[in-house]
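Step one of this worksheet: look at the structure below.
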Amino acid sequence: MTVTIERARLADIEGIVEVFRDGVKSQNTFCHLLDLTEGVLNHKQIQFRSAVEDEGEVLFTWRHETGKIVGYIWGIIKRPVDTGRVGQINELVVATSHKRKGIGRQLFQSCIGWFRSQNVQRVEVNFNVQNPEASAFWAQMGFKPFFETRFLEV
Ligand SMILES: CC(C)(COP(=O)(O)OP(=O)(O)OC[C@H]1O[C@@H](n2cnc3c(N)ncnc32)[C@H](O)[C@@H]1OP(=O)(O)O)[C@@H](O)C(=O)NCCC(=O)NCCS
């Protein structure tokens, strides 16, 4: 199978949003994250457009040989005032039909390569700890706990 990992173009956004929809449905089976309303999907279109156009962000896609996008990773560079440049992985999603084939790992490695090329020495990710596949994946990639977010319904 010919694998293509490449920087996303504006023409890819529709395919990326489809993978995002799949990722939200998958995430919602572990713990409800959000509803796929028109407003959410429109907002994602805007965010992905910015990820393609902003030089401080990167969006890589993994494309099946049929041309269909089945995974993406979105990273940004944060510039806190007190430390160096920090890479933030905002989203990594692989379509349910293609999980456990090494695609997440390949997308992650592409993103890390880009962060290194941008002089980033520390990379952070936030994910839902109630999602066992995300927890297992990020532990396997070597990420260690740092901050913890807790919530209370009010
Ligand atoms: C998390 C996610 C991106 C992993 O992608 P993937 O392509 O299936 O992962 P890979 O095949 O590259 O897995 C790499 C390693 O991570 C670990 N891993 C991944 N999924 C796992 C699972 N469900 N259970 C246990 N370990 C898992 C394994 O060690 C795996 O290596 P192995 O298959 O050789 O054992 C994918 O499950 C996903 O898109 N989930 C929904 C969205 C999400 O939760 N994203 C993360 C938050 S940003």
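Residues in the structure tokens are numbered from 1 in each chain, the chains being A, B, ... in the order shown, and ligands are numbered from 1 in the order shown.
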(message) To test your reading of the structure, identify every residue in chain A that backbone DSSP assigns to strand (DSSP E), and report it as a PyMOL selection string.
(response) chain A and resi 4-7+57-63+69-78+86-94+122-125
(message) Excluding Phe151 (chain A) and its own-chain neighbours fewer than 3 positions away, which residues fall within 12 Å of it when counting only C-alpha atoms? Please give them as JSON, numbers by chain.
(response) {"A": [128, 148, 154]}
(request) Name the residues in contact with Ala95 (chain A) at a cut-off of 8 Å, using only C-alpha atoms, excluding same-chain residues fewer than 6 positions from it; report them as a PyMOL selection string. (result) chain A and resi 19+22-23+70-71
(request) Kindly work out which residues sit at most 6 Å from ligand 1, using only C-alpha atoms and all ligand atoms, and give the list as a ChimeraX atom specification. (result) /A:23,26-27,91-94,99-105,127,133-134,136-137,140
(request) Tell me which protein, DNA and RNA residues are within 10 Å of Glu57 (chain A), counting only C-alpha atoms, leaving out same-chain ones fewer than 2 positions away, and put them as a list in words. (result)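 My reading of the contact set: Phe48, Ser50, Ala51, Val52, Glu53, Asp54, Glu55, Leu59, Trp74, Gly75, Ile76, Ile77, Lys78, Gly87, Gln88, Ile89, Asn90, Trp114 and Phe115 of chain A.
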(request) Could you please determine the separation between CA of Trp62 (chain A) and CA of Ser117 (chain A) in Å, to one decimal place? (result) 19.9 Å
(request) Using only C-alpha atoms, pick whichever of A:Asn126, A:Thr61, A:Gln121, A:Asn42 has the shortest atom-to-atom distance to Ala11 (chain A). (result) A:Thr61
(request) Give the answer as one residue: which of A:Leu36, A:Arg85, A:Glu153, A:Phe146 has the shortest atom-to-atom distance to Gly56 (chain A), using only C-alpha atoms? (result)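 Counting only C-alpha atoms, the residue closest to Gly56 (chain A) is A:Arg85.
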(message) Which residue is closest to Phe20 (chain A)? Choose from A:Phe147, A:Tyr72, A:Trp138, A:Phe108 and count only C-alpha atoms.
(response)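 The shortest atom-to-atom distance to Phe20 (chain A) comes from A:Tyr72.
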(request) Step one, run DSSP on the backbone; step two, keep only residues of chain A assigned to alpha helix (DSSP H); then write them as JSON, numbers by chain. (result) {"A": [13, 14, 15, 16, 17, 18, 19, 20, 21, 22, 23, 24, 25, 26, 27, 28, 29, 30, 38, 39, 40, 41, 42, 43, 44, 45, 46, 47, 48, 49, 50, 51, 52, 53, 103, 104, 105, 106, 107, 108, 109, 110, 111, 112, 113, 114, 115, 116, 117, 132, 133, 134, 135, 136, 137, 138, 139, 140]}
(message) I'd like the interatomic distance between CA of Gln106 (chain A) and CA of Val123 (chain A), to a tenth of an Å.
(response)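 A separation of 16.1 Å between them.
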(request) Return the single residue from A:Gln45, A:Val40, A:Phe30, A:Arg9 that is closest to Ser135 (chain A), with distances computed using only C-alpha atoms. (result) A:Phe30
(message) Report, in Å to a single decimal, how far apart CA of Ile5 (chain A) and CA of Cys111 (chain A) are.
(response) 10.4 Å
(request) Identify which of the residues A:Gln118, A:Ile13, A:Gln109, A:Arg21 lies closest to Asp35 (chain A), counting only C-alpha atoms when measuring atom-to-atom distances. (result)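 That would be A:Arg21, the residue with the smallest distance to Asp35 (chain A).
Of the listed residues (A:Glu18, A:Glu124, A:Asp12, A:Glu65), A:Glu18 comes nearest to Thr96 (chain A); the distances count only C-alpha atoms.
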